[in-house]
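Undergrad: Just so it is clear, I am handing over upload.cif, which has mmCIF, C-alpha atoms.
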data_input
#
loop_
_atom_site.label_atom_id
_atom_site.label_comp_id
_atom_site.auth_asym_id
_atom_site.auth_seq_id
_atom_site.Cartn_x
_atom_site.Cartn_y
_atom_site.Cartn_z
CA MET H 17 251.71 21.59 197.95
CA GLN H 18 253.40 21.06 201.28
CA GLN H 19 256.20 19.26 199.54
CA ILE H 20 256.72 22.09 197.11
CA ILE H 21 257.01 24.58 199.96
CA TYR H 22 259.33 22.24 201.80
CA PHE H 23 261.45 21.90 198.67
CA ILE H 24 261.62 25.68 198.27
CA ILE H 25 262.62 26.22 201.91
CA LYS H 26 265.20 23.45 201.79
CA ASN H 27 266.81 24.76 198.60
CA SER H 28 266.25 28.46 199.16
CA TYR H 29 269.98 29.23 198.99
CA LYS H 30 270.41 27.48 195.64
CA LEU H 31 267.24 29.01 194.26
CA LEU H 32 268.40 32.48 195.30
CA PHE H 33 271.67 31.84 193.49
CA LEU H 34 269.88 30.66 190.35
CA LEU H 35 267.52 33.63 190.40
CA LEU H 36 270.36 36.16 190.68
CA LEU H 37 272.39 34.25 188.07
CA GLY H 38 269.42 34.45 185.72
CA ILE H 39 269.16 38.21 186.19
CA GLY H 40 272.89 38.69 185.68
CA LEU H 41 273.02 36.60 182.52
CA THR H 42 269.95 38.29 181.07
CA LEU H 43 271.53 41.70 181.57
CA THR H 44 274.78 40.48 180.02
CA ILE H 45 273.09 39.00 176.96
CA LYS H 46 270.94 42.09 176.54
CA SER H 47 274.00 44.31 176.60
CA HIS H 48 275.58 42.28 173.80
CA SER H 49 272.60 42.65 171.51
CA TYR H 50 271.98 45.92 169.72
CA HIS H 51 269.24 47.35 171.91
CA ARG H 52 270.85 47.98 175.23
CA SER H 53 269.51 47.68 178.74
CA GLU H 54 267.34 50.62 179.75
CA TYR H 55 268.47 51.21 183.31
CA ILE H 56 271.88 49.63 183.75
CA ASN H 57 273.87 52.29 181.92
CA SER H 58 275.72 55.46 182.72
CA ALA H 59 273.13 57.82 181.23
CA ASN H 60 270.77 57.66 184.19
CA ALA H 61 270.49 60.33 186.83
CA VAL H 62 272.46 58.58 189.59
CA THR H 63 275.45 57.33 187.62
CA GLY H 64 275.56 60.34 185.31
CA GLY H 65 275.48 62.73 188.25
CA PHE H 66 278.27 60.80 189.94
CA TYR H 67 280.52 61.01 186.88
CA GLN H 68 279.72 64.71 186.58
CA LYS H 69 281.06 65.25 190.11
CA ILE H 70 284.25 63.30 189.44
CA ASN H 71 284.70 65.14 186.19
CA ASP H 72 284.29 68.54 187.81
CA ALA H 73 287.18 67.63 190.09
CA ASN H 74 289.31 66.21 187.28
CA GLU H 75 288.74 69.25 185.12
CA TYR H 76 290.84 71.42 187.40
CA LEU H 77 293.83 69.19 186.79
CA SER H 78 293.78 69.63 183.01
CA LEU H 79 292.63 73.24 182.71
CA LYS H 80 295.86 74.33 181.07
CA GLU H 81 295.74 71.68 178.37
CA ARG H 82 292.09 72.34 177.55
CA ASN H 83 292.76 76.07 177.38
CA SER H 84 295.54 75.65 174.90
CA GLU H 85 293.41 73.28 172.82
CA LEU H 86 290.59 75.81 172.72
CA ALA H 87 292.98 78.59 171.89
CA GLU H 88 294.36 76.57 169.01
CA GLU H 89 290.91 75.93 167.67
CA ASN H 90 290.05 79.61 168.04
CA ALA H 91 293.10 80.50 166.05
CA ARG H 92 292.12 78.12 163.29
CA LEU H 93 288.59 79.46 163.17
CA LYS H 94 289.85 83.03 163.06
CA GLN H 95 292.07 82.15 160.16
CA LEU H 96 289.08 80.79 158.30
CA LEU H 97 287.12 83.89 159.12
CA PHE H 98 289.78 86.27 157.81
CA ASN H 99 290.30 84.31 154.62
CA GLN H 100 286.69 84.58 153.57
CA ALA H 101 286.76 88.23 152.65
CA ASP H 102 285.98 87.85 148.97
CA THR H 103 283.24 85.20 149.03
CA LEU H 104 279.73 86.15 148.05
CA LEU H 105 278.35 85.36 151.49
CA ASN H 106 277.77 88.34 153.65
CA TRP H 107 278.04 87.66 157.36
CA ASN H 108 274.69 89.32 157.98
CA ASP H 109 273.05 86.61 155.88
CA PHE H 110 273.69 84.11 158.61
CA ASP H 111 270.73 85.29 160.64
CA ASP H 112 268.29 83.60 158.34
CA PHE H 113 270.82 81.15 156.98
CA ASN H 114 269.05 77.86 156.30
CA ALA H 115 271.64 75.52 157.77
CA ASP H 116 271.57 71.77 157.17
CA TYR H 117 273.64 70.94 160.20
CA ILE H 118 273.50 72.25 163.74
CA ALA H 119 276.44 71.78 166.11
CA ARG H 120 276.04 71.74 169.87
CA LYS H 121 278.80 71.69 172.44
CA ALA H 122 279.02 69.02 175.16
CA LYS H 123 281.60 67.69 177.54
CA VAL H 124 282.71 64.06 177.88
CA ILE H 125 282.30 63.09 181.52
CA LYS H 126 283.05 59.39 181.19
CA ASN H 127 285.50 57.95 178.70
CA SER H 128 286.19 54.29 178.02
CA PHE H 129 288.62 52.67 175.57
CA ASN H 130 289.87 49.48 177.18
CA VAL H 131 287.08 47.01 176.47
CA ARG H 132 285.72 45.76 173.15
CA GLU H 133 282.48 47.71 173.38
CA ASN H 134 283.25 51.23 174.45
CA TYR H 135 280.72 53.90 175.33
CA LEU H 136 281.25 57.52 176.38
CA THR H 137 278.94 59.64 178.49
CA ILE H 138 278.37 63.36 177.92
CA ASN H 139 276.69 66.01 180.05
CA ARG H 140 273.96 66.99 177.58
CA GLY H 141 270.68 65.16 177.02
CA LYS H 142 267.13 65.42 175.71
CA LYS H 143 266.78 68.75 177.49
CA ASP H 144 269.38 70.20 175.13
CA SER H 145 267.74 68.50 172.12
CA ILE H 146 270.30 65.69 171.86
CA PHE H 147 268.69 62.54 170.47
CA THR H 148 269.72 59.07 169.35
CA ASP H 149 271.71 58.73 166.08
CA MET H 150 273.28 62.17 166.03
CA GLY H 151 276.96 62.35 165.12
CA VAL H 152 279.66 63.35 167.59
CA ILE H 153 282.95 64.99 166.55
CA ASN H 154 285.63 67.16 168.12
CA ASP H 155 288.15 69.56 166.68
CA LYS H 156 290.41 66.73 165.45
CA GLY H 157 287.89 64.31 163.98
CA ILE H 158 284.99 61.96 164.60
CA VAL H 159 284.25 60.47 168.00
CA GLY H 160 281.08 58.38 167.63
CA ILE H 161 277.29 58.34 167.44
CA ILE H 162 274.72 59.12 170.15
CA GLU H 163 273.31 55.83 171.44
CA LYS H 164 270.97 56.61 174.34
CA THR H 165 269.78 59.80 175.95
CA SER H 166 268.20 60.73 179.26
CA LYS H 167 267.04 64.15 180.41
CA ASN H 168 270.49 65.52 181.21
CA TYR H 169 272.95 62.94 179.87
CA ALA H 170 273.63 60.90 176.78
CA THR H 171 275.83 57.93 175.92
CA ILE H 172 277.91 57.73 172.76
CA LEU H 173 278.71 54.61 170.78
CA SER H 174 282.42 55.26 170.34
CA VAL H 175 284.23 54.52 167.07
CA LEU H 176 286.22 52.18 169.31
CA ASN H 177 283.29 49.80 169.58
CA THR H 178 283.08 46.53 167.70
CA LYS H 179 279.43 47.32 166.95
CA SER H 180 280.19 50.66 165.32
CA ARG H 181 279.93 50.98 161.50
CA ILE H 182 280.45 54.36 159.86
CA ASN H 183 280.47 55.25 156.17
CA ALA H 184 283.88 56.65 155.21
CA LYS H 185 285.86 57.41 152.07
CA ILE H 186 289.34 58.27 150.91
CA LYS H 187 289.78 62.01 150.62
CA ASN H 188 289.61 63.44 147.11
CA SER H 189 288.21 60.21 145.68
CA GLU H 190 284.71 58.81 145.80
CA HIS H 191 285.65 55.26 146.80
CA PHE H 192 284.03 54.50 150.10
CA GLY H 193 283.87 51.67 152.65
CA SER H 194 282.77 50.93 156.19
CA LEU H 195 284.75 51.98 159.21
CA ILE H 196 284.89 49.30 161.92
CA TRP H 197 287.09 48.49 164.92
CA ASP H 198 288.72 45.11 165.54
CA GLY H 199 288.87 45.68 169.29
CA LYS H 200 292.66 45.59 169.55
CA ASN H 201 294.38 48.97 169.53
CA ALA H 202 292.75 52.22 170.66
CA GLY H 203 294.83 54.24 168.15
CA TYR H 204 293.71 52.42 165.01
CA VAL H 205 290.43 51.59 163.26
CA GLN H 206 289.82 49.58 160.09
CA LEU H 207 288.23 50.62 156.82
CA ILE H 208 286.80 47.59 155.04
CA ASP H 209 285.05 46.87 151.73
CA VAL H 210 287.04 49.41 149.70
CA PRO H 211 287.03 48.30 146.03
CA ARG H 212 290.36 47.23 144.50
CA LEU H 213 289.98 49.91 141.85
CA ALA H 214 290.69 52.63 144.37
CA SER H 215 294.19 54.02 144.20
CA LEU H 216 295.60 54.65 147.62
CA LYS H 217 298.90 54.99 149.38
CA LYS H 218 300.18 55.24 152.91
CA GLY H 219 299.45 58.63 154.49
CA ASP H 220 296.26 59.39 152.55
CA SER H 221 293.50 60.95 154.65
CA ILE H 222 290.29 59.11 155.43
CA VAL H 223 287.17 61.29 155.85
CA THR H 224 283.48 60.64 156.39
CA GLY H 225 281.55 59.77 153.24
CA ALA H 226 278.63 61.50 151.58
CA GLU H 227 276.35 58.52 152.06
CA SER H 228 276.19 58.96 155.83
CA GLU H 229 273.01 60.52 157.19
CA ILE H 230 274.67 61.19 160.51
CA PHE H 231 277.87 63.06 159.68
CA PRO H 232 278.46 65.87 157.20
CA GLU H 233 280.82 64.93 154.37
CA ASN H 234 284.60 65.35 154.72
CA ILE H 235 284.98 65.24 158.49
CA PRO H 236 288.51 63.97 159.15
CA ILE H 237 288.95 60.49 160.64
CA GLY H 238 292.55 59.41 160.22
CA LYS H 239 295.48 58.52 157.99
CA ILE H 240 296.12 55.28 156.09
CA ASP H 241 298.70 53.27 157.98
CA LYS H 242 298.70 49.87 156.25
CA VAL H 243 296.76 48.35 153.37
CA PHE H 244 295.84 44.67 153.19
CA ILE H 245 294.16 42.84 150.33
CA ASP H 246 291.49 40.41 151.40
CA PRO H 247 292.19 37.32 149.23
CA LYS H 248 288.64 36.03 149.51
CA THR H 249 286.66 39.09 148.55
CA ASN H 250 288.90 41.24 146.34
CA TYR H 251 288.44 44.21 148.62
CA TYR H 252 290.99 46.28 150.46
CA THR H 253 291.15 46.30 154.25
CA ILE H 254 292.87 49.45 155.46
CA ASN H 255 294.38 50.10 158.86
CA VAL H 256 293.63 53.74 159.72
CA ARG H 257 295.54 55.71 162.33
CA LEU H 258 293.03 58.00 164.08
CA PHE H 259 293.72 61.75 164.18
CA ASN H 260 291.88 61.78 167.46
CA ASP H 261 293.41 60.55 170.69
CA MET H 262 290.39 58.62 171.94
CA THR H 263 292.01 58.17 175.34
CA ALA H 264 291.91 61.91 176.08
CA LEU H 265 288.65 63.56 175.06
CA GLY H 266 287.39 66.83 176.52
CA TYR H 267 284.81 68.92 174.68
CA VAL H 268 282.92 67.44 171.76
CA TYR H 269 280.37 68.76 169.27
CA ILE H 270 277.09 67.02 168.54
CA ILE H 271 275.97 67.33 164.93
CA GLU H 272 272.31 67.32 164.09
CA ASN H 273 271.34 66.79 160.45
CA LYS H 274 268.12 68.72 159.98
CA LYS H 275 267.27 67.18 156.64
CA LYS H 276 267.89 63.57 157.67
CA ASP H 277 264.23 62.63 157.93
CA GLU H 278 263.38 64.23 154.62
CA LYS H 279 266.12 62.23 152.89
CA LYS H 280 265.12 58.99 154.60
CA ASN H 281 261.44 59.40 153.75
CA LEU H 282 262.23 60.07 150.12
CA GLU H 283 264.41 57.00 149.92
CA THR H 284 261.88 54.68 151.52
CA GLU H 285 259.12 56.02 149.29
CA THR H 286 261.22 55.43 146.20
CA THR H 287 261.96 51.82 147.05
CA LYS H 288 258.50 50.98 148.31
CA LYS H 289 257.11 49.70 145.02
CA MET G 22 276.15 44.34 214.68
CA ASN G 23 279.79 45.26 214.55
CA ASP G 24 280.31 42.71 211.78
CA SER G 25 277.59 44.01 209.50
CA LEU G 26 278.84 47.56 209.98
CA ALA G 27 282.29 46.44 208.87
CA ASN G 28 280.74 44.72 205.85
CA ILE G 29 278.76 47.77 204.80
CA SER G 30 281.78 50.02 205.06
CA ARG G 31 283.88 47.52 203.08
CA PHE G 32 281.15 47.41 200.40
CA ILE G 33 281.20 51.18 199.97
CA LEU G 34 284.98 51.44 200.27
CA PHE G 35 285.74 48.86 197.58
CA LEU G 36 283.04 50.19 195.24
CA MET G 37 284.44 53.71 195.50
CA LEU G 38 288.07 52.58 195.19
CA GLN G 39 287.23 50.60 192.07
CA LEU G 40 285.30 53.42 190.42
CA LEU G 41 287.56 56.29 191.33
CA LEU G 42 290.97 54.69 191.21
CA PHE G 43 291.34 51.20 189.78
CA ASN G 44 289.08 51.64 186.74
CA ASN G 45 291.38 54.42 185.58
CA ILE G 46 294.71 52.61 185.72
CA ASP G 47 294.62 51.22 182.13
CA PHE G 48 298.01 49.58 182.41
CA MET G 49 299.42 48.99 178.87
CA GLY G 50 296.27 50.61 177.52
CA TYR G 51 293.68 48.07 178.62
CA LEU G 52 294.58 46.19 181.79
CA ASN G 53 292.66 47.13 184.94
CA PRO G 54 292.80 45.31 188.28
CA PHE G 55 289.55 44.48 190.04
CA PRO G 56 290.41 44.47 193.75
CA TYR G 57 286.75 44.92 194.66
CA VAL G 58 286.59 41.10 194.80
CA LEU G 59 288.22 41.54 198.22
CA TYR G 60 284.75 42.36 199.52
CA ILE G 61 283.67 38.80 198.73
CA ILE G 62 286.95 37.30 199.89
CA LEU G 63 287.08 39.17 203.20
CA PHE G 64 283.43 38.50 204.07
CA PRO G 65 283.38 36.64 207.44
CA VAL G 66 283.68 32.87 207.04
CA ASN G 67 280.72 32.17 209.27
CA GLY G 68 278.69 35.07 207.94
CA ASN G 69 275.20 34.82 206.49
CA LYS G 70 275.56 33.15 203.07
CA PRO G 71 272.42 34.56 201.35
CA THR G 72 273.49 38.04 202.44
CA LEU G 73 276.84 37.51 200.77
CA LEU G 74 275.15 36.32 197.58
CA VAL G 75 272.82 39.32 197.37
CA THR G 76 275.39 41.94 198.35
CA SER G 77 278.08 40.69 195.98
CA PHE G 78 275.49 40.65 193.20
CA LEU G 79 274.57 44.25 194.04
CA LEU G 80 278.22 45.30 194.20
CA GLY G 81 278.76 43.91 190.71
CA LEU G 82 275.55 45.47 189.45
CA PHE G 83 276.57 48.92 190.66
CA LEU G 84 279.90 48.55 188.85
CA ASP G 85 278.06 47.47 185.70
CA MET G 86 275.86 50.55 185.89
CA PHE G 87 278.89 52.79 186.01
CA THR G 88 280.92 51.04 183.33
CA ASN G 89 278.06 50.26 180.89
CA SER G 90 278.89 46.57 180.85
CA GLY G 91 275.46 44.97 181.17
CA GLY G 92 275.67 42.33 183.89
CA VAL G 93 279.19 40.92 183.62
CA HIS G 94 280.53 42.12 186.98
CA ALA G 95 277.30 41.13 188.73
CA THR G 96 277.38 37.60 187.35
CA ALA G 97 281.09 37.09 188.02
CA SER G 98 280.80 38.34 191.62
CA LEU G 99 277.72 36.24 192.25
CA PHE G 100 279.50 33.15 190.93
CA LEU G 101 282.53 33.75 193.16
CA ALA G 102 280.27 34.25 196.19
CA TYR G 103 278.53 30.96 195.41
CA VAL G 104 281.70 28.88 195.04
CA ARG G 105 283.47 30.54 197.99
CA PRO G 106 282.67 27.76 200.52
CA SER G 107 284.08 25.12 198.15
CA LEU G 108 287.24 27.19 197.72
CA PHE G 109 287.59 27.41 201.50
CA LYS G 110 287.30 23.65 201.69
CA PHE G 111 289.89 23.23 198.96
CA SER G 112 292.44 25.60 200.47
CA PHE G 113 292.03 25.22 204.22
CA GLY G 114 290.74 21.64 204.53
CA LEU G 115 287.39 20.30 205.68
CA SER G 116 287.43 21.77 209.16
CA TYR G 117 287.63 25.40 208.03
CA GLU G 118 284.26 26.26 209.55
CA TYR G 119 285.40 25.53 213.06
CA GLN G 120 288.47 27.67 212.90
CA THR G 121 288.44 31.39 212.72
CA VAL G 122 290.01 31.82 209.33
CA LYS G 123 290.93 35.42 208.69
CA ILE G 124 292.48 36.15 205.36
CA ALA G 125 293.90 39.43 206.57
CA ASP G 126 295.77 37.89 209.49
CA LYS G 127 299.01 36.64 208.07
CA ILE G 128 300.21 35.54 204.67
CA THR G 129 300.47 31.74 204.53
CA PRO G 130 300.52 29.38 201.52
CA GLU G 131 296.89 28.37 202.15
CA ARG G 132 295.74 31.95 202.12
CA ILE G 133 297.70 32.79 198.99
CA SER G 134 296.29 29.77 197.14
CA PHE G 135 292.77 30.76 198.19
CA LEU G 136 293.31 34.34 197.08
CA ILE G 137 294.70 33.42 193.68
CA LEU G 138 292.02 30.79 193.01
CA ALA G 139 289.21 33.12 193.96
CA ILE G 140 290.55 35.97 191.80
CA PHE G 141 291.18 33.64 188.86
CA ILE G 142 287.66 32.19 188.91
CA HIS G 143 286.08 35.64 189.14
CA HIS G 144 288.16 37.03 186.27
CA LEU G 145 287.59 34.00 184.06
CA VAL G 146 283.81 34.35 184.34
CA LEU G 147 284.11 38.12 183.92
CA PHE G 148 286.14 38.03 180.71
CA LEU G 149 284.20 35.08 179.27
CA LEU G 150 281.01 37.11 179.58
CA GLU G 151 282.62 40.34 178.45
CA PHE G 152 284.07 38.94 175.20
CA PHE G 153 281.10 36.59 174.77
CA ARG G 154 282.49 34.73 171.79
CA LEU G 155 284.08 31.29 171.79
CA SER G 156 286.41 32.22 168.95
CA LEU G 157 288.13 34.70 171.26
CA ILE G 158 288.88 32.10 173.93
CA VAL G 159 292.65 32.61 173.60
CA SER G 160 292.47 36.32 174.34
CA VAL G 161 290.01 35.61 177.17
CA ILE G 162 292.48 33.27 178.87
CA GLY G 163 295.43 35.56 178.22
CA ARG G 164 293.65 38.51 179.69
CA THR G 165 292.43 36.48 182.64
CA PHE G 166 295.99 35.48 183.56
CA LEU G 167 297.38 39.01 183.24
CA ALA G 168 294.52 40.59 185.17
CA THR G 169 294.68 37.91 187.86
CA ILE G 170 298.33 38.68 188.54
CA PHE G 171 297.62 42.40 188.58
CA THR G 172 294.61 42.11 190.89
CA PHE G 173 296.46 39.70 193.18
CA PHE G 174 299.23 42.21 193.88
CA MET G 175 296.74 45.02 194.38
CA CYS G 176 294.84 42.81 196.84
CA LEU G 177 298.02 42.02 198.82
CA LEU G 178 298.74 45.72 198.97
CA ILE G 179 295.27 46.56 200.21
CA ILE G 180 295.28 43.74 202.78
CA TYR G 181 298.57 45.06 204.18
CA LEU G 182 297.20 48.57 204.28
CA ILE G 183 293.91 47.81 206.05
CA LYS G 184 295.28 45.11 208.35
CA PRO G 185 294.64 46.10 211.97
CA ASN G 186 297.97 46.54 213.70
CA LYS G 187 298.24 44.20 216.66
CA ARG G 188 301.03 44.69 219.16
#
Show me the file's structure as structure tokens.

TA:
Amino acid sequence: MQQIIYFIIKNSYKLLFLLLLGIGLTLTIKSHSYHRSEYINSANAVTGGFYQKINDANEYLSLKERNSELAEENARLKQLLFNQADTLLNWNDFDDFNADYIARKAKVIKNSFNVRENYLTINRGKKDSIFTDMGVINDKGIVGIIEKTSKNYATILSVLNTKSRINAKIKNSEHFGSLIWDGKNAGYVQLIDVPRLASLKKGDSIVTGAESEIFPENIPIGKIDKVFIDPKTNYYTINVRLFNDMTALGYVYIIENKKKDEKKNLETETTKK
Amino acid sequence: MNDSLANISRFILFLMLQLLLFNNIDFMGYLNPFPYVLYIILFPVNGNKPTLLVTSFLLGLFLDMFTNSGGVHATASLFLAYVRPSLFKFSFGLSYEYQTVKIADKITPERISFLILAIFIHHLVLFLLEFFRLSLIVSVIGRTFLATIFTFFMCLLIIYLIKPNKR
């Protein structure tokens, strides 16, 4: 016993190093697996609050830009509004309109695009009914998926994350594939597993697919930039130029699919037997 | 007393500088310098070693919290703090403990070699853990070299700026 204590005292410096090294490596390995560390992330009260403060200051510097962006979007929405005059829908019907999707506004307070696994932080959380696995878009296209939430903040798994996989298709055709990121260029993502039967050419639009439970169909993602044929699998790999500038995000919209659970339950019940 | 006060203020200063300024540089889209390693480098040579270990680990951990990177900064900083005495021996010779080595004093070849080595080791561990795949070893090494150069110049700049002016 005495020898053990003596050993510990003699090697206390090395043991301290090994202990801290163990903690550090555990956190690192945890962050690389799918379920991420509970406390070491920017959705907790201290770090989230800090970024909120910085962002409040930064916001003043880009007020003009944001204003013009909002004005543009307003103009587009107005145009839609005016062009709907002869549809059957009466605007008064919207009071009890049974909507599938609900959109909520939030602001990006921490953006990241320079590592292989990028996460964003927004200033809305559980309090504003934001929960894991809701889709995030902005006026130009998709941004990512909600990963973790706290009371007032939430983190987003960006499309610029090597772990992200989103169902997407080529506009006006039903051929779909998975949208991934190779971790290289923040302006481009890759659409893989598109069947060779699909006819496509440079400049075609890529939109979200109908199979996704997270995003509504036909949300814009980007344009086809280059098409490769994977010699091993007979599938296309497509380089997609994002509509969105992921390096400059301001306001985003969180999409909640109200009928997601119903669809999921039905599907699991069907395949149970 | 005076020493620990200086250490605490350096801790806060470098953490804030890194978060507010250097994490937002994004040179060529992805390259950021990490001059917060100066906290570990500038820690007094004869200072309390366990304190250095724990504080550099904490410094890294705070950065990880803010950048959502798990424990990569914490581990890299801890590793640098642990090998620091060996680096001193390598760069300044065996008798370094009896001299008052001060990195911020004057730029000499020994000090530059120490600075570059320390930064390189920290960045290598950092990027190894961040990429976390052996198949990406080429990009790890490439990034380590680029970031080391970048951080080195930032460190020189900061040392010149905070150097007490003796006349």

Undergrad: Pull out every residue of chain G sitting within 6 Å of chain H, counting all atoms listed in the file, and send them as a list of chain:residue names.

TA: G:Tyr51, G:Met86, G:Phe87, G:Asn89, G:Gly91, G:Gly92, G:Val93, G:Ala95, G:Thr96

Undergrad: For the selection you just gave me, I'd like the residues written to a file as a CSV table (one decimal), in the frame of the given file, keeping C-alpha atoms.

TA:
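Dumped to part_1.csv:
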chain,number,residue,atom,x,y,z
G,51,TYR,CA,293.7,48.1,178.6
G,86,MET,CA,275.9,50.6,185.9
G,87,PHE,CA,278.9,52.8,186.0
G,89,ASN,CA,278.1,50.3,180.9
G,91,GLY,CA,275.5,45.0,181.2
G,92,GLY,CA,275.7,42.3,183.9
G,93,VAL,CA,279.2,40.9,183.6
G,95,ALA,CA,277.3,41.1,188.7
G,96,THR,CA,277.4,37.6,187.4

Undergrad: Which one of G:Asn28, G:Thr76, G:Ser156, G:Asn44 sits closest to Leu63 (chain G) if you count only C-alpha atoms?

TA: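 Using only C-alpha atoms, the shortest distance to Leu63 (chain G) belongs to G:Asn28.
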
Undergrad: Evaluate the PyMOL selection byres ((chain H and resi 243) around 6) and record the selected residues as a list in words, following the chain and residue labels used in the document.

TA: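 Taken over the shown coordinates, the PyMOL selection byres ((chain H and resi 243) around 6) returns Lys242, Phe244 and Ile254 of chain H.
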
Undergrad: List the neighbours of Ser77 (chain G) out to 9 Å using all atoms listed in the file; skip same-chain residues closer than 3 positions along the sequence, and give me the result as a short mmCIF file (atom, residue, chain, number, x, y, z; two decimals) with C-alpha atoms, in the coordinates of the input.

TA:
data_model
loop_
_atom_site.label_atom_id
_atom_site.label_comp_id
_atom_site.auth_asym_id
_atom_site.auth_seq_id
_atom_site.Cartn_x
_atom_site.Cartn_y
_atom_site.Cartn_z
CA PHE G 32 281.15 47.41 200.40
CA VAL G 58 286.59 41.10 194.80
CA TYR G 60 284.75 42.36 199.52
CA ILE G 61 283.67 38.80 198.73
CA THR G 72 273.49 38.04 202.44
CA LEU G 73 276.84 37.51 200.77
CA LEU G 74 275.15 36.32 197.58
CA LEU G 80 278.22 45.30 194.20
CA GLY G 81 278.76 43.91 190.71
CA LEU G 82 275.55 45.47 189.45
CA ALA G 95 277.30 41.13 188.73
CA SER G 98 280.80 38.34 191.62
CA LEU G 99 277.72 36.24 192.25
CA LEU G 101 282.53 33.75 193.16
CA ALA G 102 280.27 34.25 196.19
#

Undergrad: Expanded to explicit residues, what is the PyMOL selection byres ((chain H and resi 165) around 7) for this file, as a PyMOL selection string?

TA: chain H and resi 59+141-142+147-148+163-164+166-167+169-171

Undergrad: First collect every listed atom of region 169-184 of chain H; then fit an axis-aligned box around them, widen it by 3 Å on each side, and give centre and edge lengths in Å to one decimal, as AutoDock Vina command-line options.

TA:
--center_x 279.6 --center_y 54.7 --center_z 167.5 --size_x 19.3 --size_y 22.4 --size_z 30.7

Undergrad: Just give me the gap between CA of Ile146 (chain H) and CA of Asn273 (chain H) in Å, one decimal is fine.

TA: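 If I compute the distance from CA of Ile146 (chain H) to CA of Asn273 (chain H), I get 11.5 Å.
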
Undergrad: Just give me the gap between CA of Pro211 (chain H) and CA of Lys239 (chain H) in Å, one decimal is fine.

TA: 17.9 Å

Undergrad: Which residues match the PyMOL selection byres ((chain H and resi 183-197) around 9) in the file above, as a ChimeraX atom specification?

TA: /H:132,175-182,198-202,204-211,213-216,220-228,231,233-234,236-237

Undergrad: Residues of the last selection are to be written out with C-alpha atoms, as a compact mmCIF listing (two decimals), keeping the file's coordinate frame.

TA:
# COMPACT_ATOMS: atom_id res chain seq x y z
CA ARG H 132 285.72 45.76 173.15
CA VAL H 175 284.23 54.52 167.07
CA LEU H 176 286.22 52.18 169.31
CA ASN H 177 283.29 49.80 169.58
CA THR H 178 283.08 46.53 167.70
CA LYS H 179 279.43 47.32 166.95
CA SER H 180 280.19 50.66 165.32
CA ARG H 181 279.93 50.98 161.50
CA ILE H 182 280.45 54.36 159.86
CA ASP H 198 288.72 45.11 165.54
CA GLY H 199 288.87 45.68 169.29
CA LYS H 200 292.66 45.59 169.55
CA ASN H 201 294.38 48.97 169.53
CA ALA H 202 292.75 52.22 170.66
CA TYR H 204 293.71 52.42 165.01
CA VAL H 205 290.43 51.59 163.26
CA GLN H 206 289.82 49.58 160.09
CA LEU H 207 288.23 50.62 156.82
CA ILE H 208 286.80 47.59 155.04
CA ASP H 209 285.05 46.87 151.73
CA VAL H 210 287.04 49.41 149.70
CA PRO H 211 287.03 48.30 146.03
CA LEU H 213 289.98 49.91 141.85
CA ALA H 214 290.69 52.63 144.37
CA SER H 215 294.19 54.02 144.20
CA LEU H 216 295.60 54.65 147.62
CA ASP H 220 296.26 59.39 152.55
CA SER H 221 293.50 60.95 154.65
CA ILE H 222 290.29 59.11 155.43
CA VAL H 223 287.17 61.29 155.85
CA THR H 224 283.48 60.64 156.39
CA GLY H 225 281.55 59.77 153.24
CA ALA H 226 278.63 61.50 151.58
CA GLU H 227 276.35 58.52 152.06
CA SER H 228 276.19 58.96 155.83
CA PHE H 231 277.87 63.06 159.68
CA GLU H 233 280.82 64.93 154.37
CA ASN H 234 284.60 65.35 154.72
CA PRO H 236 288.51 63.97 159.15
CA ILE H 237 288.95 60.49 160.64

Undergrad: Quick one: distance from CA of Met262 (chain H) to CA of Gly163 (chain G) in Å, one decimal?

TA: 24.4 Å

Undergrad: Pick the closest to Phe43 (chain G) from G:Leu79, G:Tyr181, G:Arg105, G:Ala168: which is it, counting all atoms listed in the file?

TA: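 That would be G:Ala168, the residue with the smallest distance to Phe43 (chain G).
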
Undergrad: If we draw a sphere of 6 Å around (277.4, 69.3, 169.5), which residues have at least one atom in it when counting all atoms listed in the file? Please report them as a ChimeraX atom specification.

TA: /H:119-122,269-271

Undergrad: Let's have the selection written as a short mmCIF file (atom, residue, chain, number, x, y, z; two decimals), in the coordinates of the input, with C-alpha atoms.

TA:
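The new file selection-v1.cif reads:
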data_model
loop_
_atom_site.label_atom_id
_atom_site.label_comp_id
_atom_site.auth_asym_id
_atom_site.auth_seq_id
_atom_site.Cartn_x
_atom_site.Cartn_y
_atom_site.Cartn_z
CA ALA H 119 276.44 71.78 166.11
CA ARG H 120 276.04 71.74 169.87
CA LYS H 121 278.80 71.69 172.44
CA ALA H 122 279.02 69.02 175.16
CA TYR H 269 280.37 68.76 169.27
CA ILE H 270 277.09 67.02 168.54
CA ILE H 271 275.97 67.33 164.93
#

Undergrad: Given all atoms listed in the file as the basis, pick out the residue of G:Val146, G:Leu177, G:Leu157, G:Leu167 nearest to Ile133 (chain G).

TA: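 Using all atoms listed in the file, the shortest distance to Ile133 (chain G) belongs to G:Leu177.
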
Undergrad: So, counting all atoms listed in the file, which residue among H:Ile153, H:Leu35, H:Val124, H:Ile20 is closest to Ile235 (chain H)?

TA: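 Using all atoms listed in the file, the shortest distance to Ile235 (chain H) belongs to H:Ile153.
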